[in-house]
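Student: To start, I am sharing the structure in question, which I have written as structure tokens.
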Amino acid sequence: MDKSILDKRNLAKLKALNNPKVMQIVEKYIKLCKPAKVTVLTDSKEDIAYVRKLALDNKEEKKLAMKGHTIHFDGYYDQARDKANTKVLISGDVCLSKAVNCGERESCLKEIFEFLDGVMKGKEMLVRFFCLGPINSEFSIPSLQITDSAYVAHSEDLLYRQGYEEFKRLNGSENFFHFVHSAGRLENMKTADIDKRRIYIDLEEDRVLSINNQYAGNSIGLKKLALRLAIKKAHQEDWLCEHMFIMGVHPEGKNRVTYFTGAFPSACGKTATAMIPGQTIIGDDIAYLIADNDGRVRAANVEKGIFGIIQDVNPVDDPIIYKTLATPRELIVSNVLVKDGKPYWLGMGQELPKEGFNFSGEWKQGKKDNDGNEIPPAHKNARYTIRINDLDNTDPKADDPKGVPIGGIIYGGRDSDTNVPLYQSFSWHHGVFLGACIESETTAATLGKEGVRVHNPMANIDFLVIPLGIYIKNHIKFGEKVDMPPLIFSTNYFLKGKDGKFLNEKVDKKVWLMWMEGRIHEEFHAIETPIGFIPKYKDLKKLFKQIFDKEYTKEDYEKQFTIRIKNLLARFDRIKEIYQKEPGIPSIFVEHMNQQVKRLEKAKEKFGKENISPFEFENQ
Ligand code: OXD
Ligand code: MN
């Protein structure tokens with residue numbers, strides 16, 4: 001190895017790990033990417049500070065006026081996850097599943113290795129070590145990140161636990177993930193060759209190769225790229241890897257905490273749920289779930305930070321996050337508007353300047369892009385990157401190596417006209433069925449058109465690397481092997497009335513949460529409907545009064561909790577069609593689908609109408 005590229009000091013840091021596979025990987029990508037210099041980083045304060053400074057020195061980040069805050073911009077066409085160019089590499093012609101975007105391994109590797117050849121010429125390669133899950137725990141997955149982006153490496157400092165020591169604990173084992181990333185050729189510090197953006201998931205080598213991108217959902221190995229590798233590992237080892245938050249729920253006046261996880265498609269209220277006032281947060285995005293020896297489900301946060309959507313974070317709707325973003329600390333904001341060193345974003349509760357600097361460069365109100373579209377002041381998918389323990393509501397068990405016991409699982413979606421705001425499944429199996437039927441309208445978190453209804457089982461479809469049928473089967477089996485499976489609930493915060501207005505206030509989710517928590521402790525009865533158990537009016541009325549001192553009317557309840565048979569049947573028709581084309585769907589799932597449709601048809605016949613009031617079910 002050329003000593004002017006990898007000097008003695010950096011080589012010594014690698015050698016100290018005593019891990020031949022780490023050595024091999026680093027050597028391989030030095031040879032291929034041809035960086036001018038390689039810097040190996042440990043968990044030391046100096047090394048972490050080095051990365052932070054490098055991101056400023058090389059202009060991937062810029063200081064904002066507030067101490068510790070920096071701004072990063074991704075390219076204009078690199079503002080969200082690129083699903084089309086993210087592929088799972090498969091040898092031969094085995095089609096995993098309709099749900100998984102696959103690429104033929106050999107040709108994809110050939111292509112990406114060509115792109116990677118010499119891509120770091122003149123640049124610095126950073127070699128970093130992190131740990132997915134709490135350190136030194138049964139959840140830990142050591143992960144190696146190689147990147148030429150100091151922004152990526154800096155973001156990972158805020159988002160993941162340090163892992164250099166974890167790699168030493170590996171004792172030379174090959175059991176770790178690795179990620180190679182290059183932002184590619186840069187123009188004004190932005191990826192120039194967007195048409196060559198590729199993210200290839202190579203399950204055979206537990207690695208992901210990602211090139212020509214900067215947006216964190218595409219570039220940061222430990223986030224959505226590791227989620228894919230971990231889904232395969234979970235499948236092989238009988239645990240679950242989910243696109244879920246973890247939170248502690250603290251009902252007032254009761255001396256207890258009940259932990260929940262929740263899966264929601266991107267930008268559908270997942271972080272907002274985990275941040276409900278008065279509760280505690282463990283994680284907002286990715287969770288590992290295991291069945292423990294006491295017959296319970298335990299979950300741990302894979303991350304230790306939040307890469308959150310900044311739009312609509314304001315002192316009223318998100319006071320805790322807002323406070324964190326408005327006070328001095330180390331954090332990164334991306335793709336917002338900057339004027340005089342101050343960041344501005346949509347929905348921040350303040351008027352935005354009419355000019356400044358944003359993801360399109362110098363910006364003035366009315367500026368149009370090459371397609372003639374008016375450029376908003378800040379991108380809808382603009383983000384903030386913070387440490388979770390910089391929030392006032394961090395749960396004391398956030399880093400517990402044992403994780404936390406889970407009492408409830410919530411599946412959410414964005415649905416304007418079908419699902420009631422809240423219901424509980426009849427059983428674990430029925431709950432898995434509900435999760436597998438999530439349908440949601442697309443948002444700005446992925447490239448492409450917004451507002452299109454798509455099927456998104458367990459909100460994890462974008463990240464599946466195993467056939468959908470097997471993924472569902474794993475969920476079914478997982479609940480069967482624990483004595484106390486969590487109760488499963490479904491929520492929809494986005495139901496609209498005939499006038500097109502939302503039927504619920506944003507804050508109402510706190511009431512739903514307290515009802516779910518109470519159900520786990522058998523404090524509320526519920527009404528049986530064809531789709532599951534829904535809350536009784538009297539219980540919600542009491543909760544609305546207690547929590548918000550608000551009179552919850554029968555009319556509001558009835559509008560929100562009416563069972564819309566026609567829309568539900570249409571929805572299950574759509575989903576059934578998708579599953580009919582999927583190989584290997586477990587028969588128990590098919591049975592649930594058939595029973596679900598039958599229950600809806602029976603109710604339609606019995607009540608002789610398509611929209612049935614919750615009171616009619618209560619009085620039957
Ligand atoms: C995210 C996403 O950023 O799901 O969490 O897109
Ligand atoms: Mn996510």
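In the structure tokens, chains take letters A, B, ... by order of appearance, with residues numbered from 1 within each chain and ligands from 1 in the order shown.
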For ligand 2, list the contacting residues at 10 Å or closer, counting only C-alpha atoms and all ligand atoms, as a list in words.
Tutor: Gly217, Lys223, Lys224, Leu227, Glu242, His243, Met244, Phe245, Ala263, Phe264, Pro265, Ser266, Ala267, Cys268, Lys270, Thr271, Asp284, Asp285, Ile286, Ile306, Phe307, Gly308, Ile309, Ala445, Ala459, Asn460, Asp462 and Phe463 of chain A
Student: Mind checking which residues fall within 9 Å of segment 450-455 of chain A, counting only C-alpha atoms, ignoring those fewer than 6 positions away in the same chain, and posting them as a PyMOL selection string?
Tutor: chain A and resi 414-415+436-444+461+574-575+578
Student: Using only C-alpha atoms and all ligand atoms, can you tell me which of A:Arg383, A:Lys554, A:Arg599, A:Lys609 comes closest to ligand 1?
Tutor: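 Distance minimum relative to ligand 1 lands on A:Arg383.
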Student: Separation of atom CA of Phe615 of chain A and atom CA of Lys536 of chain A, in Å?
Tutor: 8.6 Å
Student: With a distance cut-off of 8 Å and only C-alpha atoms, select the neighbouring residues of segment 336-345 of chain A, excluding the residue or stretch itself and same-chain residues fewer than 2 positions from it, and output the selection as a PyMOL selection string.
Tutor: chain A and resi 63-66+310-312+333-334+347-348+352-353+355-359+377-379+382-383
Student: Could those selected residues go to a file with C-alpha atoms, as an mmCIF file, in the first residue's frame?
Tutor:
data_model
loop_
_atom_site.group_PDB
_atom_site.id
_atom_site.type_symbol
_atom_site.label_atom_id
_atom_site.label_comp_id
_atom_site.auth_asym_id
_atom_site.auth_seq_id
_atom_site.Cartn_x
_atom_site.Cartn_y
_atom_site.Cartn_z
ATOM 1 C CA LYS A 63 -21.665 27.385 9.531
ATOM 2 C CA LEU A 64 -24.963 29.022 10.385
ATOM 3 C CA ALA A 65 -25.215 31.924 12.823
ATOM 4 C CA MET A 66 -26.265 29.700 15.745
ATOM 5 C CA ILE A 310 -38.166 19.889 9.143
ATOM 6 C CA GLN A 311 -41.297 21.113 7.369
ATOM 7 C CA ASP A 312 -44.011 22.017 9.893
ATOM 8 C CA VAL A 333 -29.975 21.210 8.612
ATOM 9 C CA SER A 334 -30.296 20.451 4.933
ATOM 10 C CA GLY A 347 -44.410 25.654 8.200
ATOM 11 C CA MET A 348 -41.974 26.992 10.795
ATOM 12 C CA LEU A 352 -40.062 33.386 5.173
ATOM 13 C CA PRO A 353 -37.707 35.846 3.475
ATOM 14 C CA GLU A 355 -34.773 35.730 -1.107
ATOM 15 C CA GLY A 356 -31.780 33.855 0.168
ATOM 16 C CA PHE A 357 -29.803 30.723 -0.628
ATOM 17 C CA ASN A 358 -31.507 27.362 -1.015
ATOM 18 C CA PHE A 359 -31.190 23.961 -2.715
ATOM 19 C CA PRO A 377 -38.082 28.634 -0.624
ATOM 20 C CA ALA A 378 -37.202 25.354 1.101
ATOM 21 C CA HIS A 379 -37.647 21.785 -0.092
ATOM 22 C CA ALA A 382 -35.702 19.428 3.880
ATOM 23 C CA ARG A 383 -34.269 17.813 6.995
#
